[in-house]
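Enquirer: Got a structure for you, questions after.
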Amino acid sequence: MNIAALRFATTAASGGGQVVPTLVPNGRPPGWRNPRPPGPYRLLVIGAGPAGLMAARTAAAMGARVALVEAHQLGGNCINQGCIPSKTLIRSARLYAEMREAQSFGVRAPAEVVVDFPAAMARMRRIRARLSRVDTPSRLVTEGVDLYFGRARFIGRDAVDIDGSTLRFDRAMVATGSRALLPEIDGLDDAGFLTNETVFDLDALPASLLVIGGGPLGCELAQAFARFGARTLISHREPLFLPAEERDAAQMVSDALARDGVEIHLNCQVVKVSLKGGRKHVELLNEGNTAVTVVDTILTGIGRLPAVDGLCLKEAGVEWDPKAGIRVDDFLRTTNPRIYAAGDVCVEHQFTNTAEASARLVVRNALLLGRQRMSRLTVPWCTYTDPQVAHVGLHVKQARERRIPVKTFTVPLHDVDRCITDGAAEGFVKLHVHEGTDRILGATIVGLGAGEMINVISLAMVADIGLRRLAGVIHAYPTQGEAVRLAAQACARTLESSLGRWFKRMWLQR
Amino acid sequence: MSPITPLRVAAADESLTAADDAMLDGLQRAAFEYFVQHTNPRNGLVADTSRTGSHASIAVVGFALSTYPVGVERGWMTRAEGLQRCLIALRFFLHSDQSGQPESTGRNGFYFHFLHMDSGRRAWRCEVSLIDTALLLAGMLTTAAYFAAATADEAELRGLVDTLYRRVDWPWAQHRGAAVVHGWKPESGFLNYGWEGYSEAILLYVLGLGSPTHPLTEASFQAWTSTYQWENLYDIDFLFAGPLFIHQFSHAWIDFRGIRDRFMREKRCDYFDNSRRAIRVQREYAIRNPRSFVGFGEDCWGLSAGDGPSSKPQRVAGRRQAFYGYAARGVPWGPDDGTIAGPAVLASVVFAPDIVLPAVRRLSALCAFDTARCVRASGFNATAQAPEPGGWISEGEFGLDQGMIVLMVENFRSGLLWRLLRGSPCIRTGLRRAGFRGGWLASAPVQ
């Protein structure tokens with residue numbers, strides 16, 4: 001990809017085919033008046049997404065003088081255009097899928113499943129508004145945060161400009177997040193398209209939808225829209241979806257999408273889009289073969305780019321890369337030692353939990369002389385397709401590249417009683433351990449409750465709990481989480497020495 | 001040629017009856033007949049399937065070449081006829097169009113996966129296939145090892161094989177790094193994926209590493225094996241791969257008993273033993289039968305690549321079950337639509353006869369009017385609704401299946417293919433460069 005040609009969605013402009021997203025309530029009250037800047041802030045935070053909010057609150061709670069600057073509205077991608085709206089819609093879509101599959105559960109299916117898409121969208125907006133009540137400007141002010149709305153622009157190594165006002169700082173943290181990366185496709189702009197920043201503003205279900213990009217966002221929304229009843233296609237340049245996940249997991253997601261009726265185009269590029277009669281004619285190229293399909297709506301989800309536009313980072317001596325974002329060391333310090341970065345704008349894993357964890361790390365390192373390393377964090381993540389795909393720690397390949405002997409304990413969910421009773425036996429728990437020990441290196445879980453189950457693995461890794469100990473933990477029965485215990489028990493069995501087995505046998509046969 | 005260690009383990013000897021021996025002989029002979037009946041005598045190309053209008057598959061040609069020595073040894077074909085069949089095929093490949101044009105036969109010493117039976121030119125818009133070329137070359141090397149007499153024809157054969165093997169430009173396929181890609185197409189260039197995870201590609205790498213002219217780098221094998229996953233599944237430790245055929249194809253030619261690369265040394269296992277374990281995993285899966293298919297059980301197992309029903313979805317144990325047609329079915333992640341690959345079960349006999357023979361007997365009993373049919377047909381499915389009582393059976397035969405039956409049963413009965421290829425310098429060199437040590441390789445001469 002040509003770095004110079006990278007382009008991203010802008011929330012402030014409606015250029016090209018992008019649709020302007022709506023704002024959630026409470027994110028930015030009308031008539032807001034910024035405070036008068038006092039002397040230098042102990043910490044100045046730019047961006048009020050998950051990372052910025054976390055840092056500002058944490059620092060303020062410790063007694064630091066904190067400024068928080070937001071260009072748009074509080075909450076960032078997660079609540080406005082990311083996890084919250086997508087997960088809300090996914091739940092509604094899953095219910096429709098379950099209604100259609102009621103017979104599998106011994107339940108008479110409705111004679112006709114009529115999808116009310118506007119109602120699902122209305123629920124999503126209600127929930128978004130409900131969650132936005134937590135992070136309100138007035139509450140932040142009450143907590144001791146000086147909140148500024150406006151575009152921050154560095155004007156020196158220790159100062160920013162906010163719409164004409166100068167704010168000085170002792171330490172700063174940039175947490176401006178990321179924007180949707182847009183594909184370079186002939187005719188796409190003229191034809192019009194949606195991104196994650198605009199798809200949640202749809203009022204009516206498109207009759208047909210092409211999703212470009214088979215990452216987490218693309219897979220989640222392709223499945224959801226297919227379940228709502230839209231004819232849905234997904235194109236992805238690589239041979240498997242979810243490039244960050246292991247092959248078996250990615251294949252299961254592919255199979256699941258196919259079961260839901262998604263038309264799958266792997267190893268495929270969208271090369272041209274043209275608008276004819278109000279519909280989008282899309283040329284798909286696969287290994288030299290071109291096919292044309294016609295859809296009503298296109299959604300792009302090929303990745304995200306760090307949002308550093310307009311920050312004037314050069315003025316502050318902060319280096320950045322258009323793709324990788326702000327250059328930071330393992331302590332999240334930029335090339336200007338006064339300035340740190342957190343969240344999507346600088347970290348590899350662009351998740352809400354990572355953003356918040358990186359922000360906590362910055363507060364400790366910037367304000368409390370901490371030396372915490374980003375590389376030491378244990379960060380689980382999950383793609384909320386059905387089945388979900390959750391991961392934490394190392395993949396096998398990563399372990400082998402580091403010459404760590406690795407062995408995987410695999411429990412198919414069809415060996416777990418509760419997964420069978422729940423009709424959720426598609427999936428697995430794979431625990432990767434340092435071979436010959438019970439030390440967990442990483443884990444991948446695929447299943448209906450993978451996102452919940454991965455947390456116990458994260459806990460074990462952070463607390464340095466080995467699988468032998470985990471094997472002895474009594475789990476509630478029957479639960480899907482027992483899959484983890486079964487994997488731990490398999491590990492414990494293999495670690496029992498042959499001498500130990502011989503001794504037991506002798507003892508019992510005496 | 002040094003004799004090989006008799007394969008029959010005690011458990012197998014105890015369970016192998018005269019009836020079993022006769023059953024294996026009958027199945028092997030019937031499979032061999034596929035190559036007699038579906039070969040173009042003018043160019044040696046062999047049809048991919050017995051279905052009308054089938055194109056040739058270069059992999060099936062590789063199997064065919066390997067079966068001719070078996071046929072000669074078993075008395076099913078004269079040595080002269082076997083030799084002539086091989087020569088015709090080898091001459092065709094030597095003189096085939098290697099320009100890489102859309103209607104050629106190959107490029108850089110590799111060949112398109114499917115060829116027109118008559119012209120030998122590329123069929124459909126298929127790819128120049130690395131693995132299928134490797135299977136073809138394995139067959140060629142087998143003929144060179146077998147037809148070792150000091151006659152003009154046999155000397156010509158050996159010369160042809162040497163030329164064809166030497167002209168393969170293996171590094172050309174290292175397009176995206178050390179590991180090799182799957183293939184190439186004239187219309188779009190190299191395919192967008194490489195070999196990841198354990199697979200039948202071990203044969204490909206050994207042949208590429210053994211080349212005296214254009215060898216793969218040793219890093220290629222390390223790059224590929226770095227994607228391996230050593231798993232404990234159903235309390236069985238093994239190098240994971242889902243479909244049975246992956247655990248078999250390379251073993252048709254290479255005797256992996258007792259020889260170990262770095263990965264297997266670390267795991268204190270070898271690839272042969274690993275296949276035995278994979279078979280136990282297959283059986284464990286069938287016993288669980290998580291999708292409640294008809295017939296699956298202790299003696300009815302075996303998911304692999306092959307034909308399956310393409311019928312409309314139907315309810316199975318309350319679930320909506322789709323059927324996948326030709327697919328690489330695997331254990332335990334599927335796809336699984338209740339289709340058993342009989343040939344893959346039979347080809348497993350060399351690894352675990354104590355488990356496999358009961359399964360073959362059961363499969364034989366499923367189709368009363370033709371006991372070989374359920375074993376040799378590409379797929380059998382007792383769950384899918386079918387016109388015939390008892391279940392769906394794949395129409396006709398597939399060349400790959402028949403080839404695996406002939407070779408693996410022969411390896412079980414006599415070890416012929418292993419013995420032949422143990423003597424092949426390029427196989428020995430390739431194995432050593434891949435890091436294999438020990439076993440028969442320790443005493444084999446270094447080239």
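Please note that chains go A, B, ... in the order of the structure tokens, that every chain numbers its residues from 1, and that ligands are numbered from 1 in the order shown.
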With a cut-off of 10 Å and counting only C-alpha atoms, select all residues of chain B in contact with chain A and give the selection as a PDB file with N, CA and C atoms, in the first residue's frame.

Expert:
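Generated file (selection.pdb):
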```
ATOM      1  N   ARG B 125      -9.147 -23.104 -15.964  1.00  0.00           N
ATOM      2  CA  ARG B 125      -8.158 -22.026 -15.733  1.00  0.00           C
ATOM      3  C   ARG B 125      -7.378 -22.390 -14.480  1.00  0.00           C
ATOM      4  N   GLU B 127      -4.346 -23.852 -11.889  1.00  0.00           N
ATOM      5  CA  GLU B 127      -3.061 -23.292 -11.505  1.00  0.00           C
ATOM      6  C   GLU B 127      -1.905 -24.237 -11.818  1.00  0.00           C
ATOM      7  N   TRP B 184       0.643 -20.985  -9.193  1.00  0.00           N
ATOM      8  CA  TRP B 184       0.765 -19.798 -10.044  1.00  0.00           C
ATOM      9  C   TRP B 184      -0.237 -19.914 -11.175  1.00  0.00           C
ATOM     10  N   LYS B 185      -0.740 -18.775 -11.600  1.00  0.00           N
ATOM     11  CA  LYS B 185      -1.656 -18.751 -12.736  1.00  0.00           C
ATOM     12  C   LYS B 185      -1.189 -17.729 -13.749  1.00  0.00           C
ATOM     13  N   PRO B 186      -1.341 -18.037 -15.031  1.00  0.00           N
ATOM     14  CA  PRO B 186      -0.908 -17.053 -16.037  1.00  0.00           C
ATOM     15  C   PRO B 186      -1.681 -15.745 -15.928  1.00  0.00           C
ATOM     16  N   GLU B 187      -2.912 -15.826 -15.496  1.00  0.00           N
ATOM     17  CA  GLU B 187      -3.760 -14.634 -15.469  1.00  0.00           C
ATOM     18  C   GLU B 187      -3.462 -13.719 -14.290  1.00  0.00           C
ATOM     19  N   SER B 188      -2.978 -14.284 -13.186  1.00  0.00           N
ATOM     20  CA  SER B 188      -2.858 -13.462 -11.980  1.00  0.00           C
ATOM     21  C   SER B 188      -1.563 -13.667 -11.206  1.00  0.00           C
ATOM     22  N   GLY B 189      -0.688 -14.501 -11.713  1.00  0.00           N
ATOM     23  CA  GLY B 189       0.592 -14.712 -11.025  1.00  0.00           C
ATOM     24  C   GLY B 189       0.471 -15.702  -9.881  1.00  0.00           C
ATOM     25  N   PHE B 190       1.349 -15.539  -8.890  1.00  0.00           N
ATOM     26  CA  PHE B 190       1.380 -16.495  -7.774  1.00  0.00           C
ATOM     27  C   PHE B 190       0.088 -16.429  -6.963  1.00  0.00           C
ATOM     28  N   LEU B 191      -0.331 -17.576  -6.490  1.00  0.00           N
ATOM     29  CA  LEU B 191      -1.524 -17.619  -5.650  1.00  0.00           C
ATOM     30  C   LEU B 191      -1.232 -16.921  -4.331  1.00  0.00           C
ATOM     31  N   ASN B 192      -2.293 -16.480  -3.718  1.00  0.00           N
ATOM     32  CA  ASN B 192      -2.165 -15.600  -2.562  1.00  0.00           C
ATOM     33  C   ASN B 192      -2.004 -16.357  -1.250  1.00  0.00           C
ATOM     34  N   TYR B 193      -1.652 -17.603  -1.308  1.00  0.00           N
ATOM     35  CA  TYR B 193      -1.497 -18.330  -0.055  1.00  0.00           C
ATOM     36  C   TYR B 193      -0.380 -19.360  -0.171  1.00  0.00           C
ATOM     37  N   GLY B 194       0.207 -19.633   0.963  1.00  0.00           N
ATOM     38  CA  GLY B 194       1.280 -20.622   1.002  1.00  0.00           C
ATOM     39  C   GLY B 194       0.876 -21.785   1.878  1.00  0.00           C
ATOM     40  N   GLU B 196       0.560 -23.541   5.189  1.00  0.00           N
ATOM     41  CA  GLU B 196       0.608 -23.191   6.607  1.00  0.00           C
ATOM     42  C   GLU B 196       0.051 -24.352   7.414  1.00  0.00           C
ATOM     43  N   GLY B 197       0.779 -24.763   8.425  1.00  0.00           N
ATOM     44  CA  GLY B 197       0.355 -25.921   9.217  1.00  0.00           C
ATOM     45  C   GLY B 197       0.801 -27.202   8.540  1.00  0.00           C
ATOM     46  N   ALA B 223      10.831 -22.629   7.708  1.00  0.00           N
ATOM     47  CA  ALA B 223       9.740 -21.643   7.645  1.00  0.00           C
ATOM     48  C   ALA B 223       8.392 -22.347   7.660  1.00  0.00           C
ATOM     49  N   THR B 225       7.712 -25.518   8.769  1.00  0.00           N
ATOM     50  CA  THR B 225       7.443 -26.244  10.014  1.00  0.00           C
ATOM     51  C   THR B 225       7.218 -25.300  11.201  1.00  0.00           C
ATOM     52  N   SER B 226       7.591 -24.041  11.033  1.00  0.00           N
ATOM     53  CA  SER B 226       7.321 -23.097  12.129  1.00  0.00           C
ATOM     54  C   SER B 226       5.825 -22.852  12.279  1.00  0.00           C
ATOM     55  N   THR B 227       5.042 -23.291  11.298  1.00  0.00           N
ATOM     56  CA  THR B 227       3.591 -23.126  11.397  1.00  0.00           C
ATOM     57  C   THR B 227       2.905 -24.370  11.968  1.00  0.00           C
ATOM     58  N   TYR B 228       3.681 -25.369  12.349  1.00  0.00           N
ATOM     59  CA  TYR B 228       3.109 -26.595  12.925  1.00  0.00           C
ATOM     60  C   TYR B 228       2.411 -26.305  14.267  1.00  0.00           C
ATOM     61  N   GLN B 229       1.422 -27.129  14.589  1.00  0.00           N
ATOM     62  CA  GLN B 229       0.797 -27.051  15.910  1.00  0.00           C
ATOM     63  C   GLN B 229       0.782 -28.440  16.537  1.00  0.00           C
ATOM     64  N   TRP B 230       1.475 -28.572  17.647  1.00  0.00           N
ATOM     65  CA  TRP B 230       1.509 -29.832  18.406  1.00  0.00           C
ATOM     66  C   TRP B 230       0.396 -29.774  19.434  1.00  0.00           C
ATOM     67  N   GLU B 231      -0.584 -30.636  19.292  1.00  0.00           N
ATOM     68  CA  GLU B 231      -1.782 -30.503  20.116  1.00  0.00           C
ATOM     69  C   GLU B 231      -2.083 -31.774  20.906  1.00  0.00           C
ATOM     70  N   ASN B 232      -2.723 -31.558  22.017  1.00  0.00           N
ATOM     71  CA  ASN B 232      -3.289 -32.649  22.789  1.00  0.00           C
ATOM     72  C   ASN B 232      -4.795 -32.569  22.600  1.00  0.00           C
ATOM     73  N   LEU B 233      -5.334 -33.551  21.884  1.00  0.00           N
ATOM     74  CA  LEU B 233      -6.756 -33.570  21.571  1.00  0.00           C
ATOM     75  C   LEU B 233      -7.294 -34.946  21.932  1.00  0.00           C
ATOM     76  N   TYR B 234      -8.372 -35.015  22.659  1.00  0.00           N
ATOM     77  CA  TYR B 234      -8.921 -36.275  23.155  1.00  0.00           C
ATOM     78  C   TYR B 234      -7.834 -37.075  23.899  1.00  0.00           C
ATOM     79  N   ASP B 235      -6.978 -36.364  24.590  1.00  0.00           N
ATOM     80  CA  ASP B 235      -5.878 -36.970  25.359  1.00  0.00           C
ATOM     81  C   ASP B 235      -4.821 -37.633  24.475  1.00  0.00           C
ATOM     82  N   ILE B 236      -4.757 -37.249  23.233  1.00  0.00           N
ATOM     83  CA  ILE B 236      -3.743 -37.792  22.323  1.00  0.00           C
ATOM     84  C   ILE B 236      -2.863 -36.636  21.851  1.00  0.00           C
ATOM     85  N   ASP B 237      -1.559 -36.772  22.023  1.00  0.00           N
ATOM     86  CA  ASP B 237      -0.621 -35.760  21.540  1.00  0.00           C
ATOM     87  C   ASP B 237      -0.304 -36.038  20.079  1.00  0.00           C
ATOM     88  N   PHE B 238      -0.445 -35.030  19.226  1.00  0.00           N
ATOM     89  CA  PHE B 238      -0.051 -35.233  17.827  1.00  0.00           C
ATOM     90  C   PHE B 238       0.107 -33.907  17.105  1.00  0.00           C
ATOM     91  N   LEU B 239       0.796 -34.002  15.977  1.00  0.00           N
ATOM     92  CA  LEU B 239       0.951 -32.848  15.100  1.00  0.00           C
ATOM     93  C   LEU B 239      -0.350 -32.702  14.332  1.00  0.00           C
ATOM     94  N   PHE B 240      -1.024 -31.601  14.578  1.00  0.00           N
ATOM     95  CA  PHE B 240      -2.411 -31.491  14.127  1.00  0.00           C
ATOM     96  C   PHE B 240      -2.555 -31.286  12.623  1.00  0.00           C
ATOM     97  N   GLY B 242      -6.392 -31.841  10.194  1.00  0.00           N
ATOM     98  CA  GLY B 242      -7.734 -32.382  10.289  1.00  0.00           C
ATOM     99  C   GLY B 242      -8.055 -33.541   9.365  1.00  0.00           C
ATOM    100  N   PHE B 263      11.665 -30.977  14.543  1.00  0.00           N
ATOM    101  CA  PHE B 263      10.392 -30.881  15.264  1.00  0.00           C
ATOM    102  C   PHE B 263      10.050 -32.203  15.923  1.00  0.00           C
ATOM    103  N   GLU B 266      12.133 -33.069  18.916  1.00  0.00           N
ATOM    104  CA  GLU B 266      11.687 -32.364  20.124  1.00  0.00           C
ATOM    105  C   GLU B 266      10.462 -33.042  20.737  1.00  0.00           C
ATOM    106  N   LYS B 267       9.625 -33.601  19.894  1.00  0.00           N
ATOM    107  CA  LYS B 267       8.382 -34.204  20.384  1.00  0.00           C
ATOM    108  C   LYS B 267       8.531 -35.701  20.673  1.00  0.00           C
ATOM    109  N   TYR B 285     -13.207 -39.124  17.514  1.00  0.00           N
ATOM    110  CA  TYR B 285     -14.214 -38.167  17.039  1.00  0.00           C
ATOM    111  C   TYR B 285     -15.486 -38.901  16.610  1.00  0.00           C
ATOM    112  N   ARG B 288     -17.574 -40.042  19.482  1.00  0.00           N
ATOM    113  CA  ARG B 288     -18.362 -38.924  20.041  1.00  0.00           C
ATOM    114  C   ARG B 288     -19.496 -38.543  19.096  1.00  0.00           C
ATOM    115  N   ASN B 289     -19.189 -38.567  17.795  1.00  0.00           N
ATOM    116  CA  ASN B 289     -20.186 -38.242  16.765  1.00  0.00           C
ATOM    117  C   ASN B 289     -20.991 -37.021  17.155  1.00  0.00           C
ATOM    118  N   PRO B 290     -20.322 -35.870  17.287  1.00  0.00           N
ATOM    119  CA  PRO B 290     -21.003 -34.707  17.864  1.00  0.00           C
ATOM    120  C   PRO B 290     -22.189 -34.219  17.053  1.00  0.00           C
ATOM    121  N   ARG B 291     -22.226 -34.533  15.788  1.00  0.00           N
ATOM    122  CA  ARG B 291     -23.342 -34.044  14.960  1.00  0.00           C
ATOM    123  C   ARG B 291     -24.371 -35.150  14.702  1.00  0.00           C
ATOM    124  N   ARG B 315     -32.698 -31.889   7.955  1.00  0.00           N
ATOM    125  CA  ARG B 315     -32.617 -31.900   9.411  1.00  0.00           C
ATOM    126  C   ARG B 315     -31.911 -33.163   9.876  1.00  0.00           C
ATOM    127  N   VAL B 316     -30.891 -32.975  10.695  1.00  0.00           N
ATOM    128  CA  VAL B 316     -30.182 -34.104  11.293  1.00  0.00           C
ATOM    129  C   VAL B 316     -30.164 -33.851  12.794  1.00  0.00           C
ATOM    130  N   ALA B 317     -30.795 -34.746  13.525  1.00  0.00           N
ATOM    131  CA  ALA B 317     -30.911 -34.592  14.978  1.00  0.00           C
ATOM    132  C   ALA B 317     -31.438 -33.203  15.331  1.00  0.00           C
ATOM    133  N   GLY B 318     -32.382 -32.737  14.557  1.00  0.00           N
ATOM    134  CA  GLY B 318     -33.005 -31.444  14.824  1.00  0.00           C
ATOM    135  C   GLY B 318     -32.299 -30.263  14.195  1.00  0.00           C
ATOM    136  N   ARG B 319     -31.053 -30.466  13.809  1.00  0.00           N
ATOM    137  CA  ARG B 319     -30.270 -29.366  13.238  1.00  0.00           C
ATOM    138  C   ARG B 319     -30.470 -29.309  11.729  1.00  0.00           C
ATOM    139  N   ARG B 320     -30.205 -28.128  11.195  1.00  0.00           N
ATOM    140  CA  ARG B 320     -30.191 -27.981   9.741  1.00  0.00           C
ATOM    141  C   ARG B 320     -28.787 -28.340   9.272  1.00  0.00           C
ATOM    142  N   GLN B 321     -28.670 -29.403   8.509  1.00  0.00           N
ATOM    143  CA  GLN B 321     -27.356 -29.879   8.081  1.00  0.00           C
ATOM    144  C   GLN B 321     -27.182 -29.632   6.587  1.00  0.00           C
ATOM    145  N   ALA B 322     -26.111 -28.929   6.236  1.00  0.00           N
ATOM    146  CA  ALA B 322     -25.785 -28.724   4.823  1.00  0.00           C
ATOM    147  C   ALA B 322     -24.872 -29.852   4.356  1.00  0.00           C
ATOM    148  N   PRO B 332     -11.246 -32.310  14.286  1.00  0.00           N
ATOM    149  CA  PRO B 332     -12.658 -32.303  14.688  1.00  0.00           C
ATOM    150  C   PRO B 332     -13.412 -31.064  14.205  1.00  0.00           C
ATOM    151  N   TRP B 333     -12.760 -30.193  13.440  1.00  0.00           N
ATOM    152  CA  TRP B 333     -13.409 -28.907  13.122  1.00  0.00           C
ATOM    153  C   TRP B 333     -14.202 -28.957  11.833  1.00  0.00           C
ATOM    154  N   GLY B 334     -14.238 -30.096  11.187  1.00  0.00           N
ATOM    155  CA  GLY B 334     -15.012 -30.207   9.965  1.00  0.00           C
ATOM    156  C   GLY B 334     -14.253 -29.639   8.774  1.00  0.00           C
ATOM    157  N   PRO B 335     -14.978 -29.400   7.688  1.00  0.00           N
ATOM    158  CA  PRO B 335     -16.405 -29.624   7.576  1.00  0.00           C
ATOM    159  C   PRO B 335     -16.757 -31.108   7.704  1.00  0.00           C
TER     160      PRO B 335
END
```

Enquirer: Applying 10 Å and only C-alpha atoms, which residues near Ala201 of chain B remain after dropping the ones on its own chain fewer than 2 positions away? List them as a list in words.

Expert: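 Contacts, with the query itself left out: Leu130, Ile131, Asp132, Ala134, Leu135, Val180, His182, Trp195, Glu196, Gly197, Tyr198, Ser199, Leu203, Leu204, Tyr205, Val206, Leu207, Phe221, Trp224, Ile246, Phe249 and Ser250 of chain B.
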
Enquirer: Would you mind exporting N, CA, C and O atoms of the selected residues as a JSON list (two decimals), in the first residue's frame?

Expert:
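Saved result, selection.json, follows:
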```json
[["chain", "number", "residue", "atom", "x", "y", "z"],
["B", 130, "LEU", "N", 2.13, -26.72, -7.17],
["B", 130, "LEU", "CA", 3.35, -27.22, -6.54],
["B", 130, "LEU", "C", 3.17, -28.63, -6.01],
["B", 130, "LEU", "O", 3.97, -29.52, -6.27],
["B", 131, "ILE", "N", 2.11, -28.84, -5.25],
["B", 131, "ILE", "CA", 1.96, -30.14, -4.60],
["B", 131, "ILE", "C", 1.65, -31.23, -5.62],
["B", 131, "ILE", "O", 2.15, -32.35, -5.52],
["B", 132, "ASP", "N", 0.84, -30.89, -6.62],
["B", 132, "ASP", "CA", 0.51, -31.92, -7.61],
["B", 132, "ASP", "C", 1.72, -32.26, -8.47],
["B", 132, "ASP", "O", 1.90, -33.41, -8.87],
["B", 134, "ALA", "N", 4.69, -32.22, -7.26],
["B", 134, "ALA", "CA", 5.49, -33.06, -6.36],
["B", 134, "ALA", "C", 4.99, -34.51, -6.39],
["B", 134, "ALA", "O", 5.80, -35.45, -6.41],
["B", 135, "LEU", "N", 3.69, -34.70, -6.40],
["B", 135, "LEU", "CA", 3.14, -36.06, -6.46],
["B", 135, "LEU", "C", 3.51, -36.72, -7.79],
["B", 135, "LEU", "O", 3.82, -37.92, -7.84],
["B", 180, "VAL", "N", 7.34, -22.05, 0.26],
["B", 180, "VAL", "CA", 6.88, -22.02, -1.13],
["B", 180, "VAL", "C", 5.39, -21.70, -1.19],
["B", 180, "VAL", "O", 4.66, -21.93, -0.22],
["B", 182, "HIS", "N", 1.52, -22.00, -3.07],
["B", 182, "HIS", "CA", 0.72, -23.12, -3.57],
["B", 182, "HIS", "C", 0.81, -23.27, -5.07],
["B", 182, "HIS", "O", 0.78, -24.37, -5.59],
["B", 195, "TRP", "N", 1.82, -22.64, 2.17],
["B", 195, "TRP", "CA", 1.53, -23.80, 3.01],
["B", 195, "TRP", "C", 1.65, -23.40, 4.46],
["B", 195, "TRP", "O", 2.69, -22.98, 4.90],
["B", 196, "GLU", "N", 0.56, -23.54, 5.19],
["B", 196, "GLU", "CA", 0.61, -23.19, 6.61],
["B", 196, "GLU", "C", 0.05, -24.35, 7.41],
["B", 196, "GLU", "O", -1.05, -24.84, 7.14],
["B", 197, "GLY", "N", 0.78, -24.76, 8.42],
["B", 197, "GLY", "CA", 0.35, -25.92, 9.22],
["B", 197, "GLY", "C", 0.80, -27.20, 8.54],
["B", 197, "GLY", "O", 1.10, -27.23, 7.34],
["B", 198, "TYR", "N", 0.85, -28.26, 9.33],
["B", 198, "TYR", "CA", 1.29, -29.57, 8.81],
["B", 198, "TYR", "C", 0.38, -30.00, 7.66],
["B", 198, "TYR", "O", -0.84, -29.86, 7.74],
["B", 199, "SER", "N", 0.99, -30.54, 6.64],
["B", 199, "SER", "CA", 0.20, -30.99, 5.50],
["B", 199, "SER", "C", 1.02, -31.99, 4.70],
["B", 199, "SER", "O", 2.14, -32.34, 5.07],
["B", 203, "LEU", "N", 6.33, -33.89, 1.47],
["B", 203, "LEU", "CA", 6.90, -34.53, 0.27],
["B", 203, "LEU", "C", 7.45, -33.47, -0.68],
["B", 203, "LEU", "O", 8.55, -33.61, -1.22],
["B", 204, "LEU", "N", 6.69, -32.42, -0.85],
["B", 204, "LEU", "CA", 7.09, -31.32, -1.74],
["B", 204, "LEU", "C", 8.43, -30.74, -1.28],
["B", 204, "LEU", "O", 9.35, -30.54, -2.08],
["B", 205, "TYR", "N", 8.54, -30.49, 0.00],
["B", 205, "TYR", "CA", 9.77, -29.88, 0.51],
["B", 205, "TYR", "C", 10.95, -30.84, 0.37],
["B", 205, "TYR", "O", 12.06, -30.43, 0.03],
["B", 206, "VAL", "N", 10.72, -32.10, 0.65],
["B", 206, "VAL", "CA", 11.83, -33.07, 0.54],
["B", 206, "VAL", "C", 12.32, -33.12, -0.91],
["B", 206, "VAL", "O", 13.53, -33.10, -1.17],
["B", 207, "LEU", "N", 11.39, -33.15, -1.86],
["B", 207, "LEU", "CA", 11.81, -33.19, -3.26],
["B", 207, "LEU", "C", 12.51, -31.90, -3.66],
["B", 207, "LEU", "O", 13.51, -31.93, -4.39],
["B", 221, "PHE", "N", 12.17, -25.24, 4.71],
["B", 221, "PHE", "CA", 11.54, -26.25, 5.55],
["B", 221, "PHE", "C", 11.30, -25.72, 6.96],
["B", 221, "PHE", "O", 10.26, -25.96, 7.57],
["B", 224, "TRP", "N", 8.32, -23.44, 6.93],
["B", 224, "TRP", "CA", 7.05, -24.15, 6.87],
["B", 224, "TRP", "C", 6.74, -24.82, 8.21],
["B", 224, "TRP", "O", 5.64, -24.68, 8.76],
["B", 246, "ILE", "N", -3.90, -35.84, 4.70],
["B", 246, "ILE", "CA", -2.67, -35.11, 5.03],
["B", 246, "ILE", "C", -1.70, -36.03, 5.76],
["B", 246, "ILE", "O", -0.48, -35.94, 5.57],
["B", 249, "PHE", "N", -0.42, -38.87, 2.45],
["B", 249, "PHE", "CA", 0.12, -38.74, 1.09],
["B", 249, "PHE", "C", 1.64, -38.91, 1.04],
["B", 249, "PHE", "O", 2.15, -39.69, 0.24],
["B", 250, "SER", "N", 2.36, -38.18, 1.87],
["B", 250, "SER", "CA", 3.82, -38.27, 1.79],
["B", 250, "SER", "C", 4.30, -39.67, 2.15],
["B", 250, "SER", "O", 5.34, -40.13, 1.67]]
```

Enquirer: Just asking: which residues within segment 19-150 of chain A are alpha helix (DSSP H) according to DSSP, as a PyMOL selection string?

Expert: chain A and resi 50-61+76-81+83-100+117-132+137-142

Enquirer: Of the residues A:Arg485, A:Arg125, A:Arg371, A:Arg42, which is the one nearest to Thr88 of chain A, using only C-alpha atoms?

Expert: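 Among the listed residues, the smallest separation from Thr88 of chain A belongs to A:Arg125.
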
Enquirer: For segment 269-271 of chain B, find every residue with an atom within 8 Å (counting only C-alpha atoms), except residues of its own chain fewer than 5 positions away, and show them as a list in words.

Expert: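 Counting only the stated atoms, we get Phe256, Arg257, Gly258, Ile259, Arg260 and Met264 of chain B.
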
Enquirer: Just list the residues in segment 32-141 of chain A DSSP gives strand (DSSP E) on the backbone, as a list in words.

Expert: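 Secondary structure check on segment 32-141 of chain A, strand (DSSP E): Tyr41, Arg42, Leu43, Leu44, Val45, Ile46, Val66, Ala67, Leu68, Val69 and Glu70 of chain A.
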